[in-house]
file protein_27.cif (mmCIF, C-alpha atoms and all ligand atoms)
data_input
loop_
_atom_site.label_atom_id
_atom_site.label_comp_id
_atom_site.auth_asym_id
_atom_site.auth_seq_id
_atom_site.Cartn_x
_atom_site.Cartn_y
_atom_site.Cartn_z
CA MET A 1 -8.51 18.97 -16.96
CA HIS A 2 -9.63 21.35 -14.27
CA GLN A 3 -13.03 19.68 -13.87
CA VAL A 4 -11.47 16.22 -13.95
CA GLU A 5 -9.24 17.11 -11.05
CA ARG A 6 -12.22 18.41 -9.06
CA ALA A 7 -14.18 15.28 -9.91
CA ILE A 8 -11.37 13.14 -8.49
CA PHE A 9 -11.52 15.14 -5.29
CA ASP A 10 -15.31 14.64 -4.97
CA LEU A 11 -15.12 10.93 -5.78
CA ARG A 12 -12.45 10.42 -3.14
CA ARG A 13 -14.80 12.04 -0.63
CA GLY A 14 -17.56 9.59 -1.57
CA LEU A 15 -19.63 12.18 -3.45
CA PRO A 16 -21.31 11.52 -6.82
CA VAL A 17 -20.31 13.43 -9.96
CA LEU A 18 -22.15 13.82 -13.27
CA LEU A 19 -20.45 12.66 -16.46
CA LEU A 20 -21.55 14.29 -19.73
CA ALA A 21 -21.24 12.01 -22.75
CA GLY A 22 -22.92 13.56 -25.78
CA GLU A 23 -26.59 13.73 -24.86
CA ALA A 24 -26.22 11.24 -22.02
CA ARG A 25 -26.00 12.36 -18.39
CA VAL A 26 -24.55 9.73 -16.07
CA LEU A 27 -24.27 9.87 -12.28
CA VAL A 28 -21.07 8.25 -11.02
CA GLN A 29 -20.00 7.23 -7.56
CA ALA A 30 -17.05 5.32 -6.11
CA ILE A 31 -17.59 1.94 -4.51
CA GLU A 32 -15.29 2.94 -1.69
CA GLY A 33 -17.17 5.03 0.81
CA ALA A 34 -20.57 4.20 -0.76
CA ALA A 35 -23.35 4.27 1.84
CA GLU A 36 -25.42 1.17 2.66
CA ALA A 37 -28.30 2.35 0.46
CA ALA A 38 -26.13 3.93 -2.26
CA VAL A 39 -27.68 1.89 -5.08
CA ALA A 40 -31.25 2.69 -4.04
CA ARG A 41 -30.38 6.37 -3.66
CA LEU A 42 -28.68 6.53 -7.04
CA ALA A 43 -31.69 4.80 -8.65
CA GLU A 44 -33.99 7.41 -7.16
CA GLU A 45 -31.76 10.32 -8.12
CA ALA A 46 -31.25 9.16 -11.72
CA GLY A 47 -34.66 7.55 -12.26
CA SER A 48 -32.97 4.50 -13.80
CA THR A 49 -31.37 1.20 -12.84
CA PRO A 50 -27.82 1.74 -11.56
CA ALA A 51 -25.02 -0.47 -12.79
CA LEU A 52 -21.59 -1.45 -11.58
CA VAL A 53 -18.77 -0.80 -14.06
CA LEU A 54 -16.04 -3.39 -13.71
CA SER A 55 -12.59 -3.55 -15.28
CA ARG A 56 -11.75 -6.44 -17.59
CA HIS A 57 -9.40 -7.80 -14.91
CA ARG A 58 -12.21 -7.94 -12.38
CA LEU A 59 -14.59 -9.44 -14.93
CA ALA A 60 -12.08 -12.24 -15.42
CA GLN A 61 -12.24 -12.91 -11.66
CA LEU A 62 -16.02 -13.23 -11.99
CA GLY A 63 -15.61 -15.85 -14.72
CA GLU A 64 -15.66 -13.60 -17.84
CA THR A 65 -12.23 -14.85 -18.86
CA GLU A 66 -12.47 -13.51 -22.40
CA ALA A 67 -13.37 -9.94 -21.37
CA ALA A 68 -11.31 -7.53 -23.44
CA THR A 69 -12.98 -4.33 -22.25
CA PRO A 70 -14.77 -3.10 -19.12
CA SER A 71 -18.50 -3.85 -18.82
CA ARG A 72 -21.55 -2.63 -16.99
CA LEU A 73 -23.44 -4.88 -14.64
CA PRO A 74 -27.03 -3.71 -13.96
CA LEU A 75 -27.84 -3.89 -10.24
CA PRO A 76 -31.10 -4.51 -8.41
CA GLU A 77 -31.94 -1.64 -6.05
CA TRP A 78 -31.64 -3.90 -3.02
CA THR A 79 -27.93 -4.45 -3.68
CA ASP A 80 -26.30 -3.56 -0.37
CA ARG A 81 -22.78 -2.38 0.37
CA GLN A 82 -21.60 -5.88 1.27
CA ARG A 83 -22.76 -7.33 -2.05
CA LEU A 84 -21.23 -4.42 -3.96
CA ALA A 85 -17.91 -5.02 -2.27
CA GLU A 86 -18.07 -8.76 -3.02
CA LEU A 87 -18.77 -8.03 -6.67
CA ALA A 88 -16.21 -5.28 -7.05
CA PHE A 89 -13.23 -6.66 -5.14
CA GLY A 90 -14.20 -9.68 -3.04
CA ALA A 91 -11.63 -12.46 -2.92
CA ARG A 92 -13.98 -15.41 -3.46
CA PRO A 93 -16.97 -14.15 -5.46
CA GLU A 94 -18.14 -17.67 -6.42
CA GLU A 95 -18.29 -18.74 -2.81
CA ARG A 96 -19.87 -15.57 -1.47
CA LEU A 97 -22.34 -14.80 -4.25
CA GLY A 98 -23.10 -18.32 -5.49
CA SER A 99 -22.21 -19.58 -8.95
CA ASP A 100 -25.84 -19.50 -10.19
CA ASP A 101 -26.21 -15.86 -9.21
CA LEU A 102 -22.87 -15.03 -10.76
CA ALA A 103 -23.82 -16.72 -14.03
CA ARG A 104 -27.06 -14.70 -14.03
CA TRP A 105 -25.18 -11.46 -13.38
CA ARG A 106 -22.78 -12.28 -16.19
CA ARG A 107 -25.56 -12.83 -18.70
CA ALA A 108 -26.82 -9.32 -17.90
CA LEU A 109 -23.50 -7.60 -18.65
CA GLU A 110 -23.63 -4.63 -21.02
CA PRO A 111 -20.68 -3.19 -22.94
CA ALA A 112 -19.17 -0.09 -21.33
CA GLU A 113 -19.70 3.24 -23.03
CA SER A 114 -17.71 6.47 -22.87
CA ALA A 115 -19.13 7.57 -19.49
CA ASP A 116 -18.40 4.14 -18.00
CA ARG A 117 -14.83 4.14 -19.26
CA GLY A 118 -14.44 7.70 -17.99
CA ALA A 119 -15.75 6.63 -14.58
CA LEU A 120 -13.22 3.79 -14.35
CA ALA A 121 -10.33 6.02 -15.41
CA LEU A 122 -11.30 8.54 -12.72
CA MET A 123 -11.30 5.78 -10.07
CA ARG A 124 -7.83 4.67 -11.13
CA ARG A 125 -6.47 8.20 -11.18
CA ALA A 126 -8.03 8.74 -7.73
CA LEU A 127 -6.25 5.56 -6.53
CA LEU A 128 -9.58 4.01 -5.55
CA ILE A 129 -10.78 0.47 -6.30
CA PRO A 130 -11.31 0.49 -10.10
CA ALA A 131 -15.06 -0.11 -10.01
CA ALA A 132 -17.78 2.52 -10.27
CA LEU A 133 -21.46 2.84 -9.58
CA VAL A 134 -23.12 4.53 -12.55
CA ALA A 135 -26.73 5.50 -13.39
CA ARG A 136 -28.00 7.16 -16.56
CA VAL A 137 -30.21 10.11 -15.76
CA ALA A 138 -33.68 9.41 -17.18
CA ASP A 139 -35.47 12.24 -19.01
CA PRO A 140 -37.95 13.02 -16.21
CA ARG A 141 -35.06 13.47 -13.75
CA ARG A 142 -32.84 15.50 -16.05
CA ARG A 143 -34.02 18.92 -14.96
CA ALA A 144 -33.66 18.18 -11.26
CA VAL A 145 -30.12 16.84 -11.76
CA GLU A 146 -29.13 19.83 -13.89
CA ALA A 147 -30.45 22.11 -11.16
CA LEU A 148 -28.04 20.45 -8.70
CA VAL A 149 -25.19 21.21 -11.10
CA ALA A 150 -26.36 24.81 -11.52
CA GLU A 151 -26.53 25.40 -7.76
CA GLY A 152 -23.05 23.89 -7.30
CA THR A 153 -23.94 20.82 -5.24
CA LEU A 154 -23.11 18.37 -8.05
CA LEU A 155 -20.02 18.59 -10.25
CA ALA A 156 -20.40 17.99 -14.00
CA VAL A 157 -17.45 16.79 -16.06
CA GLU A 158 -17.10 15.76 -19.72
CA ALA A 159 -16.56 12.02 -20.20
CA ALA A 160 -13.90 12.41 -22.92
CA PRO A 161 -11.24 14.19 -20.78
CA ALA A 162 -12.15 11.86 -17.90
CA GLU A 163 -11.33 8.89 -20.16
CA ARG A 164 -7.93 10.44 -20.91
CA CYS A 165 -7.05 11.38 -17.33
CA LEU A 166 -4.51 8.58 -16.88
CA GLU A 167 -2.34 10.01 -19.65
CA GLY A 168 -1.38 12.77 -17.22
CA GLY A 169 -1.05 15.77 -19.56
CA LEU A 170 2.24 14.78 -21.15
CA GLY A 171 4.69 17.54 -21.94
CA MET A 172 3.09 19.75 -19.30
CA LEU A 173 5.04 18.60 -16.28
CA LYS A 174 6.06 21.58 -14.15
CA ARG A 175 9.58 21.83 -12.79
CA VAL A 176 8.78 23.43 -9.43
CA SER A 177 11.78 23.70 -7.13
CA GLU A 178 15.17 22.22 -6.33
CA ALA A 179 17.78 22.06 -3.61
CA HIS A 180 21.07 20.49 -2.63
CA VAL A 181 20.43 17.49 -0.33
CA PRO A 182 23.55 15.59 0.76
CA LEU A 183 22.87 11.87 1.25
CA ALA A 184 24.73 9.41 3.46
CA ASP A 185 25.73 7.43 0.35
CA ALA A 186 26.25 10.33 -2.03
CA PHE A 187 27.18 13.75 -0.75
CA ASP A 188 26.74 15.79 -3.91
CA CYS A 189 23.00 15.43 -4.68
CA ARG A 190 20.35 17.79 -6.04
CA PHE A 191 16.67 17.06 -5.58
CA VAL A 192 14.54 18.51 -8.38
CA LEU A 193 10.78 18.39 -7.85
CA PHE A 194 8.31 18.04 -10.73
CA ARG A 195 4.51 18.39 -10.48
CA GLU A 196 1.95 16.92 -12.87
CA PRO A 197 -0.30 19.50 -14.54
CA ASP A 198 -3.39 18.51 -12.52
CA GLY A 199 -1.38 18.97 -9.32
CA LEU A 200 -2.19 15.48 -8.05
CA ARG A 201 1.22 13.80 -8.19
CA GLU A 202 4.78 14.96 -7.65
CA HIS A 203 7.95 13.19 -8.74
CA VAL A 204 11.55 13.88 -7.77
CA ALA A 205 14.70 13.69 -9.87
CA VAL A 206 17.74 13.07 -7.68
CA VAL A 207 20.77 14.26 -9.61
CA ILE A 208 23.82 12.54 -8.12
CA GLY A 209 27.17 14.22 -8.75
CA GLU A 210 27.59 16.09 -12.00
CA PRO A 211 26.76 13.63 -14.78
CA GLU A 212 27.78 14.53 -18.34
CA ILE A 213 24.28 15.21 -19.64
CA GLY A 214 25.24 14.85 -23.31
CA GLU A 215 26.82 11.42 -22.66
CA VAL A 216 25.27 8.14 -21.55
CA VAL A 217 23.83 8.91 -18.12
CA PRO A 218 23.45 6.20 -15.44
CA LEU A 219 19.75 6.22 -14.58
CA ARG A 220 17.43 4.53 -12.11
CA LEU A 221 13.64 4.77 -12.39
CA HIS A 222 12.38 3.96 -8.92
CA SER A 223 8.67 3.56 -8.18
CA ALA A 224 7.71 4.70 -4.70
CA CYS A 225 7.29 2.03 -2.05
CA LEU A 226 6.55 3.56 1.33
CA THR A 227 6.79 0.26 3.17
CA GLY A 228 10.09 -0.78 1.59
CA ASP A 229 11.86 2.52 0.87
CA LEU A 230 11.13 4.17 4.21
CA PHE A 231 10.58 1.33 6.65
CA GLY A 232 12.73 -1.43 5.18
CA SER A 233 9.79 -3.84 4.74
CA LEU A 234 10.93 -7.40 4.14
CA ARG A 235 7.99 -8.11 1.82
CA CYS A 236 9.83 -6.59 -1.15
CA ASP A 237 13.34 -5.54 -2.17
CA CYS A 238 12.61 -1.85 -2.86
CA GLY A 239 14.43 -0.21 0.05
CA GLU A 240 17.68 -2.02 -0.69
CA GLN A 241 17.34 -1.36 -4.41
CA LEU A 242 16.88 2.33 -3.70
CA ARG A 243 19.99 2.60 -1.56
CA ASN A 244 22.02 0.33 -3.84
CA ALA A 245 21.03 2.52 -6.79
CA VAL A 246 22.34 5.66 -5.09
CA THR A 247 25.65 3.94 -4.23
CA GLU A 248 25.99 2.47 -7.70
CA ILE A 249 25.25 5.72 -9.52
CA GLU A 250 27.76 7.50 -7.29
CA ALA A 251 30.34 4.78 -8.08
CA LEU A 252 29.67 5.21 -11.81
CA GLY A 253 30.67 8.86 -11.54
CA GLY A 254 27.20 10.38 -11.17
CA GLY A 255 23.80 10.07 -12.76
CA VAL A 256 20.12 10.44 -12.01
CA LEU A 257 17.53 8.61 -9.92
CA LEU A 258 13.91 9.40 -10.74
CA TYR A 259 11.76 8.78 -7.68
CA LEU A 260 8.31 8.28 -9.19
CA ALA A 261 4.97 8.58 -7.39
CA GLN A 262 3.86 5.14 -8.53
CA GLU A 263 3.27 3.43 -5.18
CA GLY A 264 2.20 -0.21 -5.51
CA ARG A 265 2.99 -0.43 -9.26
CA GLY A 266 0.64 2.50 -9.73
CA ILE A 267 -2.35 1.27 -7.68
CA GLY A 268 -1.60 3.39 -4.59
CA LEU A 269 -0.79 2.48 -1.02
CA ALA A 270 -4.37 1.74 0.08
CA ASN A 271 -4.76 -0.86 -2.66
CA LYS A 272 -1.25 -2.25 -2.12
CA LEU A 273 -2.14 -2.94 1.51
CA ARG A 274 -5.38 -4.61 0.37
CA ALA A 275 -3.28 -6.69 -2.03
CA TYR A 276 -0.89 -7.65 0.78
CA THR A 277 -3.79 -8.98 2.83
CA LEU A 278 -4.92 -11.04 -0.16
CA GLN A 279 -1.36 -12.33 -0.55
CA ASP A 280 -1.45 -13.46 3.08
CA SER A 281 -4.29 -15.80 2.12
CA GLY A 282 -2.12 -17.46 -0.52
CA LEU A 283 -2.35 -15.36 -3.70
CA ASP A 284 0.76 -14.07 -5.44
CA THR A 285 1.44 -10.40 -6.13
CA LEU A 286 -0.16 -10.40 -9.60
CA ASP A 287 -3.29 -12.39 -8.75
CA ALA A 288 -3.92 -10.22 -5.68
CA ASP A 289 -3.94 -7.08 -7.85
CA ARG A 290 -6.27 -8.74 -10.36
CA ILE A 291 -8.77 -9.62 -7.62
CA LEU A 292 -8.92 -5.89 -6.90
CA GLY A 293 -9.57 -5.18 -10.59
CA PHE A 294 -6.09 -4.04 -11.60
CA GLY A 295 -3.76 -5.26 -14.33
CA ASP A 296 -0.30 -6.69 -13.62
CA ASP A 297 1.32 -3.29 -13.80
CA GLU A 298 -0.58 0.01 -13.88
CA ARG A 299 2.45 2.27 -14.26
CA HIS A 300 2.93 4.73 -17.11
CA TYR A 301 6.39 6.14 -17.69
CA GLY A 302 5.45 9.28 -19.64
CA VAL A 303 6.36 11.44 -16.65
CA ALA A 304 9.83 9.87 -16.53
CA VAL A 305 10.36 10.72 -20.21
CA ASP A 306 9.22 14.29 -19.55
CA MET A 307 11.57 14.63 -16.56
CA LEU A 308 14.50 13.37 -18.64
CA ALA A 309 13.61 15.88 -21.37
CA SER A 310 13.61 18.67 -18.80
CA LEU A 311 17.04 17.55 -17.58
CA GLY A 312 18.33 17.30 -21.17
CA ILE A 313 19.04 13.55 -20.93
CA ARG A 314 18.63 11.44 -24.09
CA ARG A 315 20.96 8.44 -23.66
CA VAL A 316 21.01 6.29 -20.54
CA GLN A 317 22.44 3.25 -18.84
CA LEU A 318 19.38 1.95 -17.00
CA LEU A 319 19.62 0.24 -13.62
CA THR A 320 16.68 -2.16 -13.63
CA ASN A 321 15.61 -5.80 -13.88
CA ASN A 322 12.33 -4.82 -15.50
CA PRO A 323 12.19 -5.05 -19.31
CA ARG A 324 9.03 -2.91 -19.35
CA LYS A 325 11.01 0.08 -18.12
CA VAL A 326 13.51 -0.35 -20.96
CA ALA A 327 10.68 -0.62 -23.48
CA ALA A 328 8.80 2.40 -22.08
CA LEU A 329 11.86 4.66 -22.23
CA THR A 330 12.74 3.48 -25.72
CA GLU A 331 9.19 4.14 -26.84
CA GLY A 332 9.47 7.61 -25.33
CA GLY A 333 12.53 8.38 -27.49
CA ILE A 334 15.22 7.79 -24.85
CA GLU A 335 18.09 5.59 -26.03
CA VAL A 336 18.76 2.84 -23.50
CA VAL A 337 22.39 2.10 -24.36
CA ALA A 338 22.78 -0.52 -21.64
CA ARG A 339 20.82 -2.20 -18.88
CA GLN A 340 22.42 -2.96 -15.57
CA ALA A 341 20.91 -5.34 -13.01
CA LEU A 342 20.09 -3.96 -9.58
CA TYR A 343 19.26 -6.31 -6.75
CA GLY A 344 18.10 -6.29 -3.19
CA SER A 345 18.48 -9.45 -1.15
CA LEU A 346 16.27 -12.48 -0.94
CA ASN A 347 14.56 -13.41 2.33
CA ASP A 348 11.72 -15.66 3.47
CA HIS A 349 9.20 -12.83 3.19
CA ASN A 350 9.99 -11.60 -0.33
CA ARG A 351 10.90 -14.91 -2.00
CA ARG A 352 7.38 -15.53 -3.35
CA TYR A 353 7.05 -11.90 -4.51
CA LEU A 354 10.34 -11.96 -6.40
CA SER A 355 9.65 -15.42 -7.87
CA ALA A 356 6.25 -14.26 -9.16
CA LYS A 357 7.85 -11.19 -10.75
CA ALA A 358 10.44 -13.36 -12.47
CA GLU A 359 8.15 -16.22 -13.50
CA ARG A 360 5.00 -14.32 -14.39
CA ALA A 361 6.02 -10.75 -15.19
CA GLY A 362 9.31 -11.33 -17.01
CA HIS A 363 11.60 -9.54 -14.51
CA LEU A 364 15.23 -10.53 -14.93
CA LEU A 365 15.98 -11.75 -11.42
CA ASP A 366 18.15 -14.83 -12.02
CA GLY A 367 21.04 -13.25 -10.17
CA VAL A 368 19.07 -12.82 -6.98
CA LEU A 369 16.87 -15.92 -7.10
CA ASN A 370 19.67 -18.33 -7.87
CA GLY A 371 21.91 -18.51 -4.88
CA HIS A 372 22.77 -14.99 -3.80
CA GLU A 373 20.86 -15.07 -0.54
CA ASP A 374 23.42 -13.52 1.73
CA GLY A 375 23.12 -9.85 0.93
CA PRO A 376 22.61 -7.23 -1.73
CA ARG A 377 24.16 -7.98 -5.09
CA ARG A 378 24.94 -5.89 -8.09
CA SER A 379 26.10 -7.03 -11.49
N1 LIG A 401 0.68 -3.87 -6.26
C1 LIG A 401 1.77 -4.23 -5.61
N2 LIG A 401 2.83 -3.43 -5.66
C2 LIG A 401 3.94 -3.82 -5.03
C3 LIG A 401 4.02 -5.01 -4.28
N3 LIG A 401 5.26 -5.08 -3.75
C4 LIG A 401 5.92 -3.98 -4.15
N4 LIG A 401 5.14 -3.23 -4.92
C5 LIG A 401 5.41 -1.99 -5.65
O1 LIG A 401 6.18 -2.35 -6.78
C6 LIG A 401 6.93 -1.24 -7.20
C7 LIG A 401 8.38 -1.70 -7.41
O2 LIG A 401 9.04 -0.64 -7.98
P1 LIG A 401 10.45 -0.72 -8.71
O3 LIG A 401 11.44 -1.43 -7.84
O4 LIG A 401 10.76 0.65 -9.21
O5 LIG A 401 10.13 -1.54 -10.01
P2 LIG A 401 10.26 -2.98 -10.53
O6 LIG A 401 9.11 -3.17 -11.44
O7 LIG A 401 10.47 -3.96 -9.40
O8 LIG A 401 11.58 -2.93 -11.44
P3 LIG A 401 13.12 -2.80 -11.07
O9 LIG A 401 13.23 -2.62 -9.59
O10 LIG A 401 13.57 -1.59 -11.84
O11 LIG A 401 13.76 -4.04 -11.56
C8 LIG A 401 6.78 -0.18 -6.13
O12 LIG A 401 5.84 0.77 -6.58
C9 LIG A 401 6.21 -0.95 -4.95
O13 LIG A 401 5.38 -0.15 -4.12
C10 LIG A 401 2.88 -5.84 -4.26
O14 LIG A 401 2.85 -6.93 -3.68
N5 LIG A 401 1.78 -5.39 -4.92
ZN ZN A 402 8.52 -2.37 -2.12
#

call {"tool": "encode", "arguments": {"input": "protein_27.cif", "output": "structure tokens"}}
result
Amino acid sequence: MHQVERAIFDLRRGLPVLLLAGEARVLVQAIEGAAEAAVARLAEEAGSTPALVLSRHRLAQLGETEAATPSRLPLPEWTDRQRLAELAFGARPEERLGSDDLARWRRALEPAESADRGALALMRRALLIPAALVARVADPRRRAVEALVAEGTLLAVEAAPAERCLEGGLGMLKRVSEAHVPLADAFDCRFVLFREPDGLREHVAVVIGEPEIGEVVPLRLHSACLTGDLFGSLRCDCGEQLRNAVTEIEALGGGVLLYLAQEGRGIGLANKLRAYTLQDSGLDTLDADRILGFGDDERHYGVAVDMLASLGIRRVQLLTNNPRKVAALTEGGIEVVARQALYGSLNDHNRRYLSAKAERAGHLLDGVLNGHEDGPRRS
């Protein structure tokens, strides 16, 4: 895990890393921050033709509608940064790259192997665009590349743990510190901070009042939304949901709110802002994420299950409109005794977002979409 965490750091800085997959040595670089001549340079370094690894969601945007797995797209050396960006996350690839060219690219697709899957997982964990430049190191270049590793200028990491890096080291969450933090809507609150084993993400359990831990505990799983939670953005309903959850849990006699570092349904703030810009050109919240190469929802709730285990909570009354959260907790061995709706209010800016969640992602938002437009509602 240690090397994986370092690899994420290097990739975020725009540096290449070397993935080790059996006998294969594969140079990997992020699309974000890639220099103009990145493909040519990688070709020279590896002595082979670089390829672009794309997620199945992105492949679908390029016309590979049946893609069930990621694939590798071999690239000519003259591929510049602009073309890479169009291929990896451009909004209108057909228009910009030409349908003939796209069809040709598609015919050249190769199935992804372990190093390619590892590269994509690293990009996701690093909250970068989920597309990677990869190049297999040819035999004549192997020594030179290994020398870079030996002298410490290139980081080598095994592909297998890289592939698993999104699982987040379950059961190894560290409970780090805690304090009493009185809130405007609930005076008696304790913030308990948890850190993932690789140190990259932190999550907070807000214990409101003194819930009976052995009984059914009112619980909210809240995914971070900087724009909504902190600034009251009108594009979503998160800020109101957050505050309504605190009030509601307090009214229920106490419970827990898990504030999870899952900004943008797990794609990170940078990508959420990219997705917002795409939404401004007419796409809905799910299609915008798919253009960028992401699935409808990239969140994993293993950390929430671990936090509940640490707090001794096994039975909950869950405040959510999202059936996936109920399913994820149940799968993690938490008994969801009841679900309780939790709404923000509808406005002209979030109407399309909430409708898409209800119509396309199965969120249970009838109560807010059908007529309750004049303020927050609970049921
Ligand atoms: N990718 C993406 N994320 C968004 C967008 N709008 C809001 N979000 C994120 O969506 C998540 C919403 O979190 P929650 O309110 O906990 O979850 P939910 O899936 O709406 O479910 P409930 O609120 O429990 O019903 C947050 O991480 C937001 O940052 C968007 O347009 N695109
Ligand atoms: Zn939000």

call {"tool": "closest_atom_pairs", "arguments": {"input": "protein_27.cif", "of": "chain A", "to": "ligand ZN 402 (chain A)", "cutoff": "6 Å", "atoms": "all atoms listed in the file", "output": "CSV"}}
result
residue,atom,partner,partner_atom,distance
A:Cys225,CA,A:ZN402,ZN,4.6
A:Gly228,CA,A:ZN402,ZN,4.3
A:Cys236,CA,A:ZN402,ZN,4.5
A:Asp237,CA,A:ZN402,ZN,5.8
A:Cys238,CA,A:ZN402,ZN,4.2

call {"tool": "write_last_selection", "arguments": {"input": "protein_27.cif", "atoms": "C-alpha atoms", "output": "CSV table (one decimal), in the coordinates of the input"}}
result
chain,number,residue,atom,x,y,z
A,225,CYS,CA,7.3,2.0,-2.0
A,228,GLY,CA,10.1,-0.8,1.6
A,236,CYS,CA,9.8,-6.6,-1.2
A,237,ASP,CA,13.3,-5.5,-2.2
A,238,CYS,CA,12.6,-1.8,-2.9

call {"tool": "closest_atom_pairs", "arguments": {"input": "protein_27.cif", "of": "chain A", "to": "ligand LIG 401 (chain A)", "cutoff": "6 Å", "atoms": "all atoms listed in the file", "output": "Markdown table"}}
result
| residue | atom | partner | partner_atom | distance |
| --- | --- | --- | --- | --- |
| A:Leu221 | CA | A:LIG401 | O4 | 5.9 |
| A:His222 | CA | A:LIG401 | O4 | 3.7 |
| A:Ser223 | CA | A:LIG401 | O4 | 3.7 |
| A:Ala224 | CA | A:LIG401 | O12 | 4.7 |
| A:Cys225 | CA | A:LIG401 | O13 | 3.6 |
| A:Cys236 | CA | A:LIG401 | N3 | 5.5 |
| A:Cys238 | CA | A:LIG401 | O3 | 5.1 |
| A:Gln262 | CA | A:LIG401 | O12 | 5.2 |
| A:Glu263 | CA | A:LIG401 | O12 | 4.0 |
| A:Gly264 | CA | A:LIG401 | N2 | 3.3 |
| A:Arg265 | CA | A:LIG401 | O12 | 4.1 |
| A:Lys272 | CA | A:LIG401 | N1 | 4.8 |
| A:Ala275 | CA | A:LIG401 | N5 | 6.0 |
| A:Tyr276 | CA | A:LIG401 | O14 | 5.9 |
| A:Thr285 | CA | A:LIG401 | O14 | 4.5 |
| A:Asp289 | CA | A:LIG401 | N1 | 5.8 |
| A:Thr320 | CA | A:LIG401 | O10 | 3.6 |
| A:Asn321 | CA | A:LIG401 | O11 | 3.5 |
| A:Asn322 | CA | A:LIG401 | O11 | 4.3 |

call {"tool": "atom_distance", "arguments": {"input": "protein_27.cif", "atom1": "atom CA of Asp116 of chain A", "atom2": "atom CA of Arg143 of chain A"}}
result
21.7 Å

call {"tool": "closest_residue", "arguments": {"input": "protein_27.cif", "among": "A:Gly362, A:Pro130, A:Gly239, A:Pro218", "to": "Glu335 of chain A", "atoms": "all atoms listed in the file"}}
result
A:Pro218

call {"tool": "atom_distance", "arguments": {"input": "protein_27.cif", "atom1": "atom CA of Lys325 of chain A", "atom2": "atom CA of Gly214 of chain A"}}
result
21.2 Å

call {"tool": "residues_around", "arguments": {"input": "protein_27.cif", "residues": "segment 189-205 of chain A", "least_positions_apart": "2", "cutoff": "10 Å", "atoms": "all atoms listed in the file", "output": "short mmCIF file (atom, residue, chain, number, x, y, z; two decimals) with C-alpha atoms, in the frame of the given file"}}
result
data_model
loop_
_atom_site.label_atom_id
_atom_site.label_comp_id
_atom_site.auth_asym_id
_atom_site.auth_seq_id
_atom_site.Cartn_x
_atom_site.Cartn_y
_atom_site.Cartn_z
CA MET A 1 -8.51 18.97 -16.96
CA HIS A 2 -9.63 21.35 -14.27
CA GLN A 3 -13.03 19.68 -13.87
CA VAL A 4 -11.47 16.22 -13.95
CA GLU A 5 -9.24 17.11 -11.05
CA ARG A 6 -12.22 18.41 -9.06
CA ILE A 8 -11.37 13.14 -8.49
CA PHE A 9 -11.52 15.14 -5.29
CA ARG A 125 -6.47 8.20 -11.18
CA ALA A 126 -8.03 8.74 -7.73
CA CYS A 165 -7.05 11.38 -17.33
CA GLY A 168 -1.38 12.77 -17.22
CA GLY A 169 -1.05 15.77 -19.56
CA LEU A 170 2.24 14.78 -21.15
CA GLY A 171 4.69 17.54 -21.94
CA MET A 172 3.09 19.75 -19.30
CA LEU A 173 5.04 18.60 -16.28
CA LYS A 174 6.06 21.58 -14.15
CA ARG A 175 9.58 21.83 -12.79
CA VAL A 176 8.78 23.43 -9.43
CA SER A 177 11.78 23.70 -7.13
CA GLU A 178 15.17 22.22 -6.33
CA ALA A 179 17.78 22.06 -3.61
CA HIS A 180 21.07 20.49 -2.63
CA VAL A 181 20.43 17.49 -0.33
CA PRO A 182 23.55 15.59 0.76
CA LEU A 183 22.87 11.87 1.25
CA ASP A 185 25.73 7.43 0.35
CA ALA A 186 26.25 10.33 -2.03
CA PHE A 187 27.18 13.75 -0.75
CA VAL A 207 20.77 14.26 -9.61
CA ILE A 208 23.82 12.54 -8.12
CA GLY A 209 27.17 14.22 -8.75
CA GLU A 210 27.59 16.09 -12.00
CA ARG A 220 17.43 4.53 -12.11
CA LEU A 221 13.64 4.77 -12.39
CA SER A 223 8.67 3.56 -8.18
CA ALA A 224 7.71 4.70 -4.70
CA VAL A 246 22.34 5.66 -5.09
CA GLU A 250 27.76 7.50 -7.29
CA GLY A 254 27.20 10.38 -11.17
CA GLY A 255 23.80 10.07 -12.76
CA VAL A 256 20.12 10.44 -12.01
CA LEU A 257 17.53 8.61 -9.92
CA LEU A 258 13.91 9.40 -10.74
CA TYR A 259 11.76 8.78 -7.68
CA LEU A 260 8.31 8.28 -9.19
CA ALA A 261 4.97 8.58 -7.39
CA GLN A 262 3.86 5.14 -8.53
CA VAL A 303 6.36 11.44 -16.65
CA ALA A 304 9.83 9.87 -16.53
CA ASP A 306 9.22 14.29 -19.55
CA MET A 307 11.57 14.63 -16.56
CA LEU A 308 14.50 13.37 -18.64
CA SER A 310 13.61 18.67 -18.80
CA LEU A 311 17.04 17.55 -17.58
#

call {"tool": "decode", "arguments": {"input": "protein_27.cif", "residues": "segment 306-317 of chain A", "atoms": "C-alpha atoms", "output": "compact mmCIF listing (two decimals), in the first residue's frame"}}
result
# COMPACT_ATOMS: atom_id res chain seq x y z
CA ASP A 306 -15.98 0.45 9.36
CA MET A 307 -16.86 3.69 11.16
CA LEU A 308 -20.12 2.19 12.42
CA ALA A 309 -18.21 -0.88 13.64
CA SER A 310 -15.81 1.38 15.53
CA LEU A 311 -18.76 3.18 17.13
CA GLY A 312 -20.43 -0.14 17.99
CA ILE A 313 -23.51 0.57 15.84
CA ARG A 314 -25.25 -2.40 14.17
CA ARG A 315 -28.90 -1.35 13.68
CA VAL A 316 -29.92 1.94 12.10
CA GLN A 317 -32.75 4.11 10.92
